[in-house]
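Below: one structure, written as structure tokens.
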Amino acid sequence: MPEPTAPTTTEAFDVLLRDVLGEDYRPPARQDCTLVFPLDKVRTVAELAVTARKHAIGPGDPDARPRLWWIKGDGTFLMSNGIDNTPHTRDAEGNWHHIVYADGWGPGTDPSTVLGSEDIHETLDLTDPFPDGQILIDMLRTAPDHATRFLLHITHDDEGMALTMTTK
């Protein structure tokens, strides 16, 4: 008869929490979500950030440099942090020129059903390399010709969130 395997650290912690919090305790559920944005509009918003002379500093940003902010509140969108002389202008369709909404998650929608109930403000640095050496603005500029979408994949649980970005 095979010996039972020792519980992993996570399993042991969950057992301890059930002892402390009661048998009804369940470990945090991991959730995955992929937001899809039109690549051409993301490129435009990113270029606004990169070419701006000044940049706004968001919550948690250590300095002012080109970034996209992913914001979830009234819909969910990417926004340039670049400051220009026309911050309140809109394009021909009435959209803000420095914001791009995720497909299906425009103004008036409530993304809390897939992204949790709290508002989110996350910074996507356009010029700082990822651990693999890739730079976001370069990824956007050099996406294959057939690519039409920017994908922001979110994995989150009660302990944190991880973001992965690709083009497709």
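Identifiers in this document derive from the order of the structure tokens: chains are assigned A, B, ..., residues are numbered from 1 separately in each chain, and ligands are numbered from 1 in order of occurrence.
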Selection: 7 Å around region 49-56 of chain A, only C-alpha atoms, excl. self and same-chain fewer than 2 positions, as a short mmCIF file (atom, residue, chain, number, x, y, z; two decimals) with C-alpha atoms, in the first residue's frame:
```cif
data_model
loop_
_atom_site.label_atom_id
_atom_site.label_comp_id
_atom_site.auth_asym_id
_atom_site.auth_seq_id
_atom_site.Cartn_x
_atom_site.Cartn_y
_atom_site.Cartn_z
CA VAL A 45 -3.23 55.34 -26.38
CA ALA A 46 0.25 53.92 -25.69
CA GLU A 47 1.85 56.29 -28.22
CA GLY A 58 -0.91 57.21 -10.35
CA ALA A 64 6.44 60.03 -13.79
CA ARG A 65 7.12 58.10 -17.01
CA PRO A 66 5.06 56.57 -19.86
CA ARG A 67 2.46 54.16 -18.58
CA SER A 80 -2.66 56.93 -21.11
CA ASN A 81 -0.97 58.75 -18.26
CA GLY A 82 0.50 61.25 -20.73
CA ILE A 83 -0.46 64.85 -20.13
CA ASP A 84 -1.00 66.96 -23.22
#
```
Contacts of Ala143 (chain A) at 10 Å (only C-alpha atoms; same-chain gap of 5+ positions) as a PyMOL selection string: chain A and resi 39+138+148-150+166-168
Residues near Pro38 (chain A), cut-off 12 Å, only C-alpha atoms, skip fewer than 5 positions along chain, as a PDB file with C-alpha atoms, in the first residue's frame:
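Saved file out_27.pdb follows:
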```
ATOM      1  CA  ARG A  43      -1.306  51.420 -29.751  1.00  0.00           C
ATOM      2  CA  THR A  44      -2.736  54.937 -30.139  1.00  0.00           C
ATOM      3  CA  VAL A  45      -3.233  55.342 -26.384  1.00  0.00           C
ATOM      4  CA  PHE A  77     -10.379  50.505 -19.817  1.00  0.00           C
ATOM      5  CA  LEU A  78      -6.764  51.333 -20.514  1.00  0.00           C
ATOM      6  CA  ILE A  99      -8.888  55.891 -23.251  1.00  0.00           C
ATOM      7  CA  VAL A 100      -9.703  52.524 -24.849  1.00  0.00           C
ATOM      8  CA  TYR A 101     -12.414  50.284 -23.377  1.00  0.00           C
ATOM      9  CA  ALA A 102     -12.271  46.502 -23.276  1.00  0.00           C
ATOM     10  CA  ASP A 103     -14.627  44.796 -25.711  1.00  0.00           C
ATOM     11  CA  GLY A 104     -18.048  44.529 -24.066  1.00  0.00           C
ATOM     12  CA  LEU A 140       2.581  46.742 -29.222  1.00  0.00           C
ATOM     13  CA  ALA A 147      -2.870  40.827 -34.867  1.00  0.00           C
ATOM     14  CA  THR A 148      -5.953  42.924 -34.121  1.00  0.00           C
ATOM     15  CA  ARG A 149      -6.369  42.429 -30.371  1.00  0.00           C
ATOM     16  CA  PHE A 150      -4.463  43.214 -27.192  1.00  0.00           C
ATOM     17  CA  LEU A 151      -5.212  40.646 -24.492  1.00  0.00           C
ATOM     18  CA  LEU A 152      -4.883  41.444 -20.806  1.00  0.00           C
ATOM     19  CA  THR A 167      -1.344  40.368 -28.874  1.00  0.00           C
ATOM     20  CA  LYS A 168      -3.425  38.180 -31.131  1.00  0.00           C
TER      21      LYS A 168
END
```
For a test of reading the model, state the distance in Å between CA of Gly60 (chain A) and CA of Glu122 (chain A), rounded to one decimal.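 One can read the CA of Gly60 (chain A) to CA of Glu122 (chain A) distance as 8.7 Å.
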When you draw a straight line from CA of His121 (chain A) to CA of Gly73 (chain A), how long is it in Å?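 Calculated distance between CA of His121 (chain A) and CA of Gly73 (chain A) is 8.9 Å.
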With only C-alpha atoms as the atoms that count, which of A:Ile57, A:Met165, A:Pro111, A:Asp145 lies nearest to Phe130 (chain A)? A:Met165
Please list as a PyMOL selection string every residue within 9 Å of region 153-155 of chain A, counting only C-alpha atoms and excluding residues in the same chain fewer than 4 positions away. chain A and resi 30-36+115+160-166
Best match for closeness to Lys41 (chain A) among A:Gly133, A:Arg141, A:Gly108, A:Asp61, counting only C-alpha atoms: A:Arg141
CA of His156 (chain A) and CA of Val42 (chain A), how far apart in Å?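 Between these atoms lies a distance of 23.0 Å.
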With only C-alpha atoms as the basis for distance, which of A:His146, A:Pro107, A:Asp132, A:Leu126 is at the shortest distance from Leu48 (chain A)?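 Of A:His146, A:Pro107, A:Asp132, A:Leu126, the one nearest Leu48 (chain A), counting only C-alpha atoms, is A:Leu126.
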As a list in words, please: all residues of region 109-145 of chain A that backbone DSSP puts in strand (DSSP E or B).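 Filtering region 109-145 of chain A to strand (DSSP E or B) leaves Ile120, His121, Glu122, Thr123, Leu124 and Asp125 of chain A.
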